[in-house]
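**Q** Let me give you the structure first, and then I'll get to my questions.
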There are 2 protein chains.
Amino acid sequence: MGNIEENNTEATILEAAKRVFLRKGLFGARMQEIANDAGINKALLHYYYRSKQKLFEAVFKQAFGLMAPRINNVLNSDLELEDKIISLTQNYISFVIKHPYLPSFVIQELNSNPDFVATLISEDHFPNITVFRNQVNQLVAAEKIKPIDPNQLFINVISLTIFPFIAAPLLKGFTRLDDKAYKQLIEDRKVEVSNFIINAIKIEK
Amino acid sequence: MGNIEENNTEATILEAAKRVFLRKGLFGARMQEIANDAGINKALLHYYYRSKQKLFEAVFKQAFGLMAPRINNVLNSDLELEDKIISLTQNYISFVIKHPYLPSFVIQELNSNPDFVATLISEDHFPNITVFRNQVNQLVAAEKIKPIDPNQLFINVISLTIFPFIAAPLLKGFTRLDDKAYKQLIEDRKVEVSNFIINAIKIEK
DNA sequence: GTCTATAGCCAGATAGAC
DNA sequence: GTCTATCTGGCTATAGAC
């Protein structure tokens with residue numbers, strides 16, 4: 001017990017494929033590399049997943065399934081707006097620290113295949129911002145927060161949360177921070193980002 | 001006059017390569033497609049640029065050269081912080097509207113080749129945030145703006161500016177906006193983003 | 001289910017005529 | 001400088017033994 005080693009080839013392949021596809025993308029990845037990483041034979045990849053494309057789709061689906069519901073749950077919770085923003089940013093940054101390649105993988109793939117978004121929308125757990133939108137509009141109408149378009153606010157939240165992971169090498173260059181210092185900066189963003197957003201919209205008494 | 005048609009094969013190739021690489025990436029792009037797009041023979045690509053890799057590097061260098069100095073000039077101007085933020089966001093969003101594929105191209109490439117950033121830093125026009133950093137620190141010390149780490153503020157500015165372009169398909173999905181409405185939302189960000197940032201840091205009287 | 005060996009294809013690169 | 005034709009290597013995918 002304790003060492004629940006999944007001795008399932010199919011799952012082993014998927015894990016290896018995730019590691020390789022996330023770093024190299026669909027075209028950059030090599031089936032041989034995935035096989036090596038999984039410690040199994042290349043032919044088995046096709047035995048279980050038929051083609052590279054299908055294997056990739058399995059990886060993408062799982063990756064997206066990890067990211068999206070996490071946003072959706074918070075968006076539709078009954079938290080007040082301020083707590084919702086704190087929860088979104090803190091939880092999401094913590095999550096992405098553990099899976100740093102996920103966002104750019106998902107975003108890259110959607111860029112080269114934009115029509116796929118339509119398929120995703122129709123599935124469960126695809127983030128729905130209706131509740132969030134109403135919440136923001138009500139607070140604006142009641143003059144509890146500064147006027148802002150809910151879509152813009154939502155995009156700001158997501159941008160501030162995710163972009164520092166996607167553009168890490170570039171931002172490390174701009175700030176001249178080494179890996180360790182940048183990691184600390186990201187860590188700090190767990191609280192910095194929500195503070196920043198709340199400062200931007202709250203009305204001072 | 002007026003129709004300065006560059007009848008230069010080398011430049012024609014670079015333009016075509018830019019169009020294809022920006023949309024497909026290094027591995028997704030096909031030399032044949034670039035040749036077709038340029039209206040010339042595939043062998044000529046190799047005649048002028050030796051290899052796909054070298055052609056790609058030429059494209060990347062030009063793309064990065066378009067983006068980076070634009071940030072750097074504003075960062076090192078003698079504008080006050082507030083105007084600097086307005087200038088950065090407005091000008092940059094306007095610029096990227098005209099070149100929507102540039103940011104994700106540059107960022108994707110740097111992700112798959114992070115060590116390349118070191119080379120870029122040593123070149124001219126690579127953004128240097130020293131002036132910006134001092135400016136922020138002084139204003140914080142003088143209690144003219146709320147306390148914030150200059151690196152965090154800089155990253156916030158860049159995130160809010162660039163991310164909506166990189167993640168356009170995803171964000172269109174989240175907000176359920178069609179192309180036209182999303183375009184308008186981006187247009188609005190020319191003023192929305194700087195307002196948001198300035199609200200976040202300014203001290204109310 | 002797992003392996004070895006290989007088919008088949010496609011894309012980058014080059015040779016050589018003009 | 002520009003073209004056609006072709007080579008070469010590498011990669012996905014499969015056939016077939018165990």
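Chain labels A, B, ... are given in the sequence in which chains occur in the structure tokens; within each chain residues are numbered consecutively from 1, and ligands are likewise numbered from 1 in the order shown.
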Could you do a least-squares fit of chain A on chain B over every C-alpha atom, in sequence order, and give the output as an mmCIF file with C-alpha atoms, in the first residue's frame?
**A**
data_model
loop_
_atom_site.group_PDB
_atom_site.id
_atom_site.type_symbol
_atom_site.label_atom_id
_atom_site.label_comp_id
_atom_site.auth_asym_id
_atom_site.auth_seq_id
_atom_site.Cartn_x
_atom_site.Cartn_y
_atom_site.Cartn_z
ATOM 1 C CA MET A 1 5.220 56.214 -57.945
ATOM 2 C CA GLY A 2 2.994 55.223 -55.079
ATOM 3 C CA ASN A 3 3.246 51.593 -55.980
ATOM 4 C CA ILE A 4 6.669 50.845 -54.676
ATOM 5 C CA GLU A 5 6.549 47.159 -55.544
ATOM 6 C CA GLU A 6 9.613 45.496 -54.056
ATOM 7 C CA ASN A 7 10.688 43.166 -56.790
ATOM 8 C CA ASN A 8 13.215 41.616 -54.520
ATOM 9 C CA THR A 9 12.960 37.847 -54.251
ATOM 10 C CA GLU A 10 14.756 37.679 -50.954
ATOM 11 C CA ALA A 11 12.319 40.113 -49.357
ATOM 12 C CA THR A 12 9.330 38.425 -50.981
ATOM 13 C CA ILE A 13 10.392 35.143 -49.418
ATOM 14 C CA LEU A 14 10.824 36.700 -46.013
ATOM 15 C CA GLU A 15 7.336 38.200 -46.148
ATOM 16 C CA ALA A 16 5.797 34.888 -47.149
ATOM 17 C CA ALA A 17 7.804 33.048 -44.524
ATOM 18 C CA LYS A 18 6.587 35.490 -41.915
ATOM 19 C CA ARG A 19 2.969 34.845 -42.847
ATOM 20 C CA VAL A 20 3.360 31.071 -42.731
ATOM 21 C CA PHE A 21 5.655 30.720 -39.711
ATOM 22 C CA LEU A 22 3.572 33.105 -37.654
ATOM 23 C CA ARG A 23 0.495 30.965 -38.131
ATOM 24 C CA LYS A 24 2.021 27.484 -38.132
ATOM 25 C CA GLY A 25 5.198 27.713 -36.108
ATOM 26 C CA LEU A 26 8.561 26.221 -37.018
ATOM 27 C CA PHE A 27 7.470 22.585 -37.210
ATOM 28 C CA GLY A 28 3.976 23.150 -38.560
ATOM 29 C CA ALA A 29 5.150 25.287 -41.477
ATOM 30 C CA ARG A 30 6.045 23.673 -44.824
ATOM 31 C CA MET A 31 8.669 25.064 -47.166
ATOM 32 C CA GLN A 32 6.342 24.320 -50.073
ATOM 33 C CA GLU A 33 3.625 26.443 -48.502
ATOM 34 C CA ILE A 34 6.018 29.345 -48.080
ATOM 35 C CA ALA A 35 7.102 29.001 -51.709
ATOM 36 C CA ASN A 36 3.478 28.960 -52.880
ATOM 37 C CA ASP A 37 2.631 31.963 -50.765
ATOM 38 C CA ALA A 38 5.598 33.834 -52.208
ATOM 39 C CA GLY A 39 4.704 32.703 -55.731
ATOM 40 C CA ILE A 40 8.188 31.343 -56.356
ATOM 41 C CA ASN A 41 9.951 28.033 -56.560
ATOM 42 C CA LYS A 42 10.725 25.998 -53.475
ATOM 43 C CA ALA A 43 14.385 25.633 -54.425
ATOM 44 C CA LEU A 44 14.806 29.381 -54.194
ATOM 45 C CA LEU A 45 14.076 29.309 -50.500
ATOM 46 C CA HIS A 46 17.242 27.288 -50.024
ATOM 47 C CA TYR A 47 19.158 29.374 -52.516
ATOM 48 C CA TYR A 48 18.553 32.498 -50.418
ATOM 49 C CA TYR A 49 18.326 31.143 -46.891
ATOM 50 C CA ARG A 50 20.178 27.806 -46.999
ATOM 51 C CA SER A 51 17.830 25.973 -44.615
ATOM 52 C CA LYS A 52 14.412 26.107 -43.022
ATOM 53 C CA GLN A 53 16.008 26.807 -39.672
ATOM 54 C CA LYS A 54 17.910 29.822 -41.001
ATOM 55 C CA LEU A 55 14.819 31.192 -42.692
ATOM 56 C CA PHE A 56 12.931 30.790 -39.479
ATOM 57 C CA GLU A 57 15.606 32.619 -37.537
ATOM 58 C CA ALA A 58 15.439 35.521 -39.964
ATOM 59 C CA VAL A 59 11.697 35.717 -39.432
ATOM 60 C CA PHE A 60 12.002 35.499 -35.676
ATOM 61 C CA LYS A 61 14.649 38.161 -35.511
ATOM 62 C CA GLN A 62 12.566 40.558 -37.535
ATOM 63 C CA ALA A 63 9.432 39.818 -35.507
ATOM 64 C CA PHE A 64 11.174 40.349 -32.213
ATOM 65 C CA GLY A 65 12.848 43.463 -33.555
ATOM 66 C CA LEU A 66 9.434 44.914 -34.282
ATOM 67 C CA MET A 67 8.080 44.268 -30.805
ATOM 68 C CA ALA A 68 10.866 44.906 -28.362
ATOM 69 C CA PRO A 69 12.113 48.414 -29.180
ATOM 70 C CA ARG A 70 8.578 49.685 -29.007
ATOM 71 C CA ILE A 71 8.382 48.713 -25.341
ATOM 72 C CA ASN A 72 11.885 49.874 -24.596
ATOM 73 C CA ASN A 73 11.399 53.367 -26.008
ATOM 74 C CA VAL A 74 8.419 54.034 -23.793
ATOM 75 C CA LEU A 75 10.031 52.479 -20.718
ATOM 76 C CA ASN A 76 13.021 54.791 -20.998
ATOM 77 C CA SER A 77 11.183 57.941 -22.002
ATOM 78 C CA ASP A 78 10.931 60.812 -19.530
ATOM 79 C CA LEU A 79 7.173 60.512 -19.196
ATOM 80 C CA GLU A 80 5.578 60.418 -15.772
ATOM 81 C CA LEU A 81 4.493 56.969 -14.647
ATOM 82 C CA GLU A 82 0.833 57.488 -15.382
ATOM 83 C CA ASP A 83 1.511 58.728 -18.918
ATOM 84 C CA LYS A 84 4.021 55.972 -19.414
ATOM 85 C CA ILE A 85 1.397 53.362 -18.629
ATOM 86 C CA ILE A 86 -1.093 55.042 -20.944
ATOM 87 C CA SER A 87 1.455 55.236 -23.720
ATOM 88 C CA LEU A 88 2.611 51.648 -23.278
ATOM 89 C CA THR A 89 -0.840 50.113 -23.353
ATOM 90 C CA GLN A 90 -2.438 52.311 -25.991
ATOM 91 C CA ASN A 91 0.434 52.195 -28.427
ATOM 92 C CA TYR A 92 1.099 48.549 -27.935
ATOM 93 C CA ILE A 93 -2.496 47.444 -28.321
ATOM 94 C CA SER A 94 -2.756 49.543 -31.480
ATOM 95 C CA PHE A 95 0.409 47.968 -32.789
ATOM 96 C CA VAL A 96 -0.635 44.397 -32.055
ATOM 97 C CA ILE A 97 -4.050 44.934 -33.630
ATOM 98 C CA LYS A 98 -2.095 45.391 -36.859
ATOM 99 C CA HIS A 99 0.133 42.352 -36.196
ATOM 100 C CA PRO A 100 -2.060 39.996 -34.206
ATOM 101 C CA TYR A 101 0.098 36.883 -34.646
ATOM 102 C CA LEU A 102 3.351 38.442 -33.505
ATOM 103 C CA PRO A 103 3.054 37.980 -29.743
ATOM 104 C CA SER A 104 2.132 34.312 -29.722
ATOM 105 C CA PHE A 105 4.759 33.587 -32.324
ATOM 106 C CA VAL A 106 7.517 35.173 -30.265
ATOM 107 C CA ILE A 107 6.319 33.687 -27.004
ATOM 108 C CA GLN A 108 5.846 30.182 -28.384
ATOM 109 C CA GLU A 109 9.294 30.158 -29.874
ATOM 110 C CA LEU A 110 10.888 31.399 -26.658
ATOM 111 C CA ASN A 111 9.064 28.670 -24.765
ATOM 112 C CA SER A 112 10.472 25.919 -26.920
ATOM 113 C CA ASN A 113 13.899 27.545 -26.857
ATOM 114 C CA PRO A 114 14.238 29.400 -23.548
ATOM 115 C CA ASP A 115 18.001 29.745 -23.711
ATOM 116 C CA PHE A 116 17.639 31.993 -26.708
ATOM 117 C CA VAL A 117 16.475 34.771 -24.412
ATOM 118 C CA ALA A 118 20.050 35.126 -23.170
ATOM 119 C CA THR A 119 21.153 35.982 -26.705
ATOM 120 C CA LEU A 120 18.374 38.518 -27.114
ATOM 121 C CA ILE A 121 19.131 40.297 -23.853
ATOM 122 C CA SER A 122 22.633 41.144 -24.965
ATOM 123 C CA GLU A 123 21.332 42.847 -28.097
ATOM 124 C CA ASP A 124 20.361 46.470 -28.476
ATOM 125 C CA HIS A 125 16.816 47.529 -27.844
ATOM 126 C CA PHE A 126 16.036 44.649 -25.533
ATOM 127 C CA PRO A 127 13.663 46.192 -23.001
ATOM 128 C CA ASN A 128 15.350 47.424 -19.882
ATOM 129 C CA ILE A 129 13.058 48.229 -16.998
ATOM 130 C CA THR A 130 15.575 49.934 -14.731
ATOM 131 C CA VAL A 131 14.205 53.430 -15.272
ATOM 132 C CA PHE A 132 10.653 52.202 -14.832
ATOM 133 C CA ARG A 133 11.593 50.367 -11.652
ATOM 134 C CA ASN A 134 13.190 53.421 -10.077
ATOM 135 C CA GLN A 135 10.238 55.546 -11.050
ATOM 136 C CA VAL A 136 7.803 53.181 -9.358
ATOM 137 C CA ASN A 137 9.937 52.811 -6.238
ATOM 138 C CA GLN A 138 10.211 56.572 -5.859
ATOM 139 C CA LEU A 139 6.470 57.104 -6.173
ATOM 140 C CA VAL A 140 5.804 54.336 -3.662
ATOM 141 C CA ALA A 141 8.316 55.833 -1.215
ATOM 142 C CA ALA A 142 6.725 59.259 -1.629
ATOM 143 C CA GLU A 143 3.287 57.697 -1.077
ATOM 144 C CA LYS A 144 2.096 58.983 -4.417
ATOM 145 C CA ILE A 145 0.933 55.508 -5.415
ATOM 146 C CA LYS A 146 0.000 52.396 -3.474
ATOM 147 C CA PRO A 147 2.838 50.043 -2.524
ATOM 148 C CA ILE A 148 3.666 47.650 -5.328
ATOM 149 C CA ASP A 149 6.693 45.722 -6.518
ATOM 150 C CA PRO A 150 7.802 47.291 -9.838
ATOM 151 C CA ASN A 151 8.330 43.864 -11.381
ATOM 152 C CA GLN A 152 4.782 42.866 -10.536
ATOM 153 C CA LEU A 153 3.427 46.099 -11.947
ATOM 154 C CA PHE A 154 5.396 45.682 -15.137
ATOM 155 C CA ILE A 155 4.193 42.110 -15.563
ATOM 156 C CA ASN A 156 0.632 43.269 -14.979
ATOM 157 C CA VAL A 157 0.965 45.882 -17.709
ATOM 158 C CA ILE A 158 2.323 43.386 -20.209
ATOM 159 C CA SER A 159 -0.180 40.686 -19.257
ATOM 160 C CA LEU A 160 -3.208 42.923 -19.658
ATOM 161 C CA THR A 161 -1.873 44.237 -22.956
ATOM 162 C CA ILE A 162 -0.802 41.072 -24.712
ATOM 163 C CA PHE A 163 -2.758 38.133 -23.319
ATOM 164 C CA PRO A 164 -6.080 38.963 -25.020
ATOM 165 C CA PHE A 165 -4.329 38.530 -28.372
ATOM 166 C CA ILE A 166 -2.595 35.297 -27.492
ATOM 167 C CA ALA A 167 -5.666 33.654 -26.065
ATOM 168 C CA ALA A 168 -8.213 35.169 -28.446
ATOM 169 C CA PRO A 169 -10.003 31.939 -29.424
ATOM 170 C CA LEU A 170 -10.286 30.831 -25.803
ATOM 171 C CA LEU A 171 -11.483 34.217 -24.581
ATOM 172 C CA LYS A 172 -13.981 34.467 -27.411
ATOM 173 C CA GLY A 173 -15.358 31.163 -26.164
ATOM 174 C CA PHE A 174 -15.515 32.273 -22.532
ATOM 175 C CA THR A 175 -17.222 35.556 -23.322
ATOM 176 C CA ARG A 176 -19.380 34.098 -26.105
ATOM 177 C CA LEU A 177 -18.493 37.056 -28.305
ATOM 178 C CA ASP A 178 -18.294 36.750 -32.079
ATOM 179 C CA ASP A 179 -15.301 38.022 -34.029
ATOM 180 C CA LYS A 180 -16.712 41.482 -34.513
ATOM 181 C CA ALA A 181 -17.705 41.986 -30.890
ATOM 182 C CA TYR A 182 -14.353 40.678 -29.682
ATOM 183 C CA LYS A 183 -12.561 43.045 -32.023
ATOM 184 C CA GLN A 184 -14.529 45.915 -30.516
ATOM 185 C CA LEU A 185 -13.683 44.719 -27.015
ATOM 186 C CA ILE A 186 -9.987 44.760 -27.916
ATOM 187 C CA GLU A 187 -10.401 48.219 -29.393
ATOM 188 C CA ASP A 188 -11.935 49.386 -26.110
ATOM 189 C CA ARG A 189 -8.965 48.044 -24.220
ATOM 190 C CA LYS A 190 -6.820 50.836 -25.666
ATOM 191 C CA VAL A 191 -8.286 53.001 -22.927
ATOM 192 C CA GLU A 192 -9.730 50.407 -20.537
ATOM 193 C CA VAL A 193 -6.412 48.808 -19.666
ATOM 194 C CA SER A 194 -4.610 51.960 -18.620
ATOM 195 C CA ASN A 195 -7.639 53.121 -16.632
ATOM 196 C CA PHE A 196 -7.724 49.806 -14.845
ATOM 197 C CA ILE A 197 -4.040 49.882 -13.964
ATOM 198 C CA ILE A 198 -4.059 53.479 -12.842
ATOM 199 C CA ASN A 199 -7.098 52.847 -10.666
ATOM 200 C CA ALA A 200 -5.278 49.953 -9.092
ATOM 201 C CA ILE A 201 -2.249 51.958 -8.005
ATOM 202 C CA LYS A 202 -3.415 55.526 -7.481
ATOM 203 C CA ILE A 203 -4.137 56.883 -4.027
ATOM 204 C CA GLU A 204 -7.515 58.591 -3.843
ATOM 205 C CA LYS A 205 -7.540 62.053 -2.361
#
**Q** For chain A, work out the contacting residues on chain D at 9 Å, counting only C-alpha atoms (C1' of nucleotides), and write them as a PyMOL selection string.
**A** chain D and resi 11-14
**Q** For a quick test of understanding: name the residues of chain C lying within 9 Å of chain A when counting only C-alpha atoms (C1' of nucleotides), and present them as a list of chain:residue names.
**A**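 Filtering chain C at 9 Å from chain A with only C-alpha atoms (C1' of nucleotides) gives C:DG1, C:DT2, C:DC3.
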**Q** Save out the residues we just selected, N, CA, C and O atoms (P, O5', C5', C4', C3', O3' and C1' of nucleotides), as an mmCIF file, in the first residue's frame.
**A**
data_model
loop_
_atom_site.group_PDB
_atom_site.id
_atom_site.type_symbol
_atom_site.label_atom_id
_atom_site.label_comp_id
_atom_site.auth_asym_id
_atom_site.auth_seq_id
_atom_site.Cartn_x
_atom_site.Cartn_y
_atom_site.Cartn_z
ATOM 1 P P DG C 1 -5.361 -5.782 -23.330
ATOM 2 O "O5'" DG C 1 -3.894 -6.308 -23.132
ATOM 3 C "C5'" DG C 1 -3.193 -7.164 -24.103
ATOM 4 C "C4'" DG C 1 -1.768 -7.212 -23.628
ATOM 5 C "C3'" DG C 1 -0.973 -5.941 -23.887
ATOM 6 O "O3'" DG C 1 0.163 -5.986 -23.020
ATOM 7 C "C1'" DG C 1 -0.250 -7.594 -25.376
ATOM 8 P P DT C 2 1.097 -4.670 -22.862
ATOM 9 O "O5'" DT C 2 2.363 -5.025 -23.760
ATOM 10 C "C5'" DT C 2 3.257 -6.035 -23.318
ATOM 11 C "C4'" DT C 2 4.224 -6.381 -24.424
ATOM 12 C "C3'" DT C 2 4.968 -5.175 -25.034
ATOM 13 O "O3'" DT C 2 6.329 -5.224 -24.628
ATOM 14 C "C1'" DT C 2 4.298 -6.765 -26.687
ATOM 15 P P DC C 3 7.342 -4.097 -25.181
ATOM 16 O "O5'" DC C 3 7.943 -4.756 -26.520
ATOM 17 C "C5'" DC C 3 9.016 -5.674 -26.410
ATOM 18 C "C4'" DC C 3 9.181 -6.447 -27.704
ATOM 19 C "C3'" DC C 3 9.870 -5.675 -28.818
ATOM 20 O "O3'" DC C 3 11.284 -5.888 -28.746
ATOM 21 C "C1'" DC C 3 7.980 -6.920 -29.636
#
**Q** From stretch 22-170 of chain A, collect each residue whose DSSP state is helix (DSSP H, G or I) and return the set as a ChimeraX atom specification.
**A** /A:22-28,31-38,42-49,52-75,81-98,102-112,116-121,130-141,150-166,168-170
**Q** Can you tell me how far atom C1' of D:DA15 sits from atom C1' of C:DG12, in Å to one decimal?
**A**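 Separating atom C1' of D:DA15 from atom C1' of C:DG12 is a distance of 28.9 Å.
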**Q** Separation of atom C1' of C:DC18 and atom C1' of D:DT8, in Å?
**A**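 For atom C1' of C:DC18 relative to atom C1' of D:DT8, the distance reads 25.2 Å.
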**Q** Please, what distance in Å, to one decimal, runs between atom C1' of D:DA5 and atom C1' of C:DG16?
**A**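 Between atom C1' of D:DA5 and atom C1' of C:DG16 the gap is 9.3 Å.
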